[in-house]
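**Student:** This is the structure I want to talk about, given as structure tokens.
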Amino acid sequence: MSAEKELWVYAEQREGKIAGVVQELLSQGQVLCEKSGYTLCAVLPSANGAELCQELYNFGAKKVYTIDDPKLADYQNDYYSRAVAQLINEKKPEIVLYGATTIGRSLAPTVAVMVDAGLTADCTELDFDVEEGNLLQTRPAFGGNIMATIICPNHRPQMSTVRSNVFKKTKLSENEAGEQISYEVDLSGVPERMRRVEAVHEADDNSIDLNAAQFIVSGGRGVGKPENFKIIYDLASEMGAAVGASRATVDAGWISHHHQVGQTGKTVCPVVYIACGISGAIQHLAGMQSSDMIIAINKDPGAPIFDIADFGLIGDLNELVPEFQKQIAAAKAS
Amino acid sequence: MNIVVCIKQVPDSDKVTIDRETNRLNRAGVPSIINPFDENALEMALQLKDLHGGKVIVVSMGPPQAEEALRTALSLGADEAILVSDRKFGGADTWATSYTISLAIKKIEDVDLVLFGKQAIDGDTAQVGPGVAHFLDIPMLTYAKGVEVTGDTFKVNKVTEDGYEIWDVDKPCALTVVKEANDLRMPSLKKKMAAKKAVIPCWGVEELQPEEGNIGLAGSPTKVSKVFAPPVKLNKEILSGEPDEMIAELIGKLKGQHIL
């Protein structure tokens, strides 16, 4: 067991590239380590760890535990969970943070039961209680109707998953110093029970990932008809935003379910969420109310979406959305 | 082929209140539904059964009234239902829940596939499926939208952030299922009648023989320390008037906050 206490960030990589959420987690890790006195570390299972360490140092990792193995080139739940759990059992970190990505949400719950750790999903705030030595993990529940702060008093590590865009990125420099610690895990004893045969990246009219998007322009029933989604797409493309949609429009077949935001769709937290013609049913609010800023465009002044909006524009979206696009284009040009 | 589908009865999230003394949910009087994602898991199982035969067994852990959810599943075509319920299981977090459900599944013979919805809409954790799979020591994939039987393995289509992946997974395995997998069928009148009369066994501590320290509140590493209402927006601005003026004002604000 190491003498100093450690906070780990799971350094998720895909095809040899570190996921953006890792930089955000390290940045919040800096804050938590300042409070707790813990050492900020990253754990990086991959096939090429050495090449990826510098980026992790630049966001504050003092140590990077690399676990290199050809079997760890691409995510495979059995191999990855074994590798990470073994390292946790040996080094005993106090805290481990994961991105709430499709990978993080497979790995973290598997590792949690392997190492008897508590795990809190989709935290929107992480703080440290200096007196008790506990991580304070706050998350929305029941469609965002309540917030709960979860602690894990008697088990270590304390583990959380966090969505993209919840924490801001703080890069220290381009050439921070750090220490790479290579760690060997013997995966030969792990039975090969699943094999990835194919990985397909699908392009769409708007292929920006809703989960990672900084800006989202979303359309609801107020868009009126499927053809009108064009103005939503146009504004999104002007802003470099992803396109979202309410359940009503997806159920009506106006737009594909890939775009659905809400309790039975995707949960997002962009910097700016622009809700166009969305009334604001609980089912939709649950998926987007953690957004930093919410702009609502709706002709009904009584629409519940205005209750949670930072800026509300009462009017016809068929006029407001193209005008918004026009003025953004003008602002960019000036 | 025998398929276990784990379903959760959840309160309709619009109508939930919180007991401020205990930080627990007041479920009394709140209408209950089958977790919507679990319906997709159930439909996936029923479709596999239509193609390949076998049995669909639904399992639900919860208070005695979770039996209603199981009866609904029977009316849709599930063959057997098991309620996992005991006062001692109360207060379980995802760790203790995963452990407890895994004990129930271990008692069911010749299971080829264990299905879960991708997450429950009350807790939204998405953690129990992977947890159960580990306790059962079977391979697990999250976010499945399709599955085919190919001899001794399953060919699984799994959703990723920007597309999908095809995996070849050994039997038995566990999957968590996304909404886009399918739409749930309607119940048949005949099955509805039968479901009403079905005897649903209830498995508790006596049947499952869990290790004491692994169940309920005591077996849960996470504790709720505080529950509170989400913060209200204080500085909201509602604009109305001419479109070009409203947008100009909005853009001014966004620039002022360095967002544009």
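Residues in the structure tokens are numbered from 1 in each chain, the chains being A, B, ... in the order shown, and ligands are numbered from 1 in the order shown.
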Give me the residues within 10 Å of Gln209 in chain B as a VMD selection string, counting only C-alpha atoms and dropping any in the same chain fewer than 3 places off.

**Tutor:** chain B and resid 100 103 to 104 203 to 206 212

**Student:** Taking only range 117-230 of chain B into account, list the residues labelled alpha helix (DSSP H) by DSSP (computed from the backbone), as an NGL selection string.

**Tutor:** :B and (128-136 or 189-197 or 205-208)

**Student:** Would you give me, as a count of residues only, the residues of chain B that come within 7 Å of chain A, using only C-alpha atoms?

**Tutor:** 44

**Student:** Between CA of Ser220 in chain B and CA of Phe89 in chain B, what is the spacing in Å?

**Tutor:**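 Taking CA of Phe89 in chain B and CA of Ser220 in chain B, their separation equals 10.3 Å.
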
**Student:** If we count only C-alpha atoms and set the cut-off at 12 Å, which residues sit around Arg221 in chain A, ignoring sequence neighbours fewer than 4 positions away in its own chain? Please answer as a ChimeraX atom specification.

**Tutor:** /A:225-226,228-229,245-255,275-281,298-299,317

**Student:** How would the residues just chosen look if you wrote them out with C-alpha atoms as a PDB file, in the first residue's frame?

**Tutor:**
```pdb
ATOM      1  CA  LYS A 225     -43.898  19.230 -39.113  1.00  0.00           C
ATOM      2  CA  PRO A 226     -40.915  17.063 -40.032  1.00  0.00           C
ATOM      3  CA  ASN A 228     -39.429  22.219 -40.353  1.00  0.00           C
ATOM      4  CA  PHE A 229     -36.613  20.430 -38.571  1.00  0.00           C
ATOM      5  CA  ALA A 245     -35.352  16.259 -30.127  1.00  0.00           C
ATOM      6  CA  SER A 246     -38.226  15.599 -27.756  1.00  0.00           C
ATOM      7  CA  ARG A 247     -39.865  12.217 -27.427  1.00  0.00           C
ATOM      8  CA  ALA A 248     -43.017  13.472 -29.151  1.00  0.00           C
ATOM      9  CA  THR A 249     -41.117  14.262 -32.365  1.00  0.00           C
ATOM     10  CA  VAL A 250     -39.239  10.949 -32.298  1.00  0.00           C
ATOM     11  CA  ASP A 251     -42.455   9.000 -31.663  1.00  0.00           C
ATOM     12  CA  ALA A 252     -44.081  10.884 -34.536  1.00  0.00           C
ATOM     13  CA  GLY A 253     -41.223   9.785 -36.800  1.00  0.00           C
ATOM     14  CA  TRP A 254     -40.031  13.332 -37.569  1.00  0.00           C
ATOM     15  CA  ILE A 255     -36.441  12.570 -36.564  1.00  0.00           C
ATOM     16  CA  ALA A 275     -35.114  24.174 -26.608  1.00  0.00           C
ATOM     17  CA  CYS A 276     -37.246  25.155 -29.606  1.00  0.00           C
ATOM     18  CA  GLY A 277     -40.963  24.416 -29.433  1.00  0.00           C
ATOM     19  CA  ILE A 278     -40.486  22.065 -26.481  1.00  0.00           C
ATOM     20  CA  SER A 279     -43.108  22.489 -23.767  1.00  0.00           C
ATOM     21  CA  GLY A 280     -40.978  20.922 -21.050  1.00  0.00           C
ATOM     22  CA  ALA A 281     -42.556  17.655 -19.924  1.00  0.00           C
ATOM     23  CA  ASN A 298     -41.804  28.847 -27.253  1.00  0.00           C
ATOM     24  CA  LYS A 299     -44.941  30.696 -28.197  1.00  0.00           C
ATOM     25  CA  LEU A 317     -39.879  29.587 -33.515  1.00  0.00           C
TER      26      LEU A 317
END
```

**Student:** Measuring between only C-alpha atoms, which one of A:Gln180, A:Ser36, A:Asn58, A:Thr66 shows the shortest distance to Leu7 in chain A?

**Tutor:**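 Among A:Gln180, A:Ser36, A:Asn58, A:Thr66, it is A:Ser36 that comes nearest to Leu7 in chain A.
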
**Student:** Please run DSSP on the backbone and report, as a PyMOL selection string, all residues within range 23-170 of chain B that come out as strand (DSSP E or B).

**Tutor:** chain B and resi 24-26+32-34+55-61+80-84+111-117+140-150+153-160+163-170

**Student:** Can you work out which one of B:Asp93, B:Glu207, B:Glu39, B:Asp124 has the shortest atom-to-atom distance to Lys107 in chain B, counting only C-alpha atoms?

**Tutor:** B:Glu207

**Student:** Taking into account only C-alpha atoms, which residue in the set B:Ile215, B:Leu42, B:Ala126, B:Ala66 is nearest to Gly104 in chain A?

**Tutor:** B:Ala126
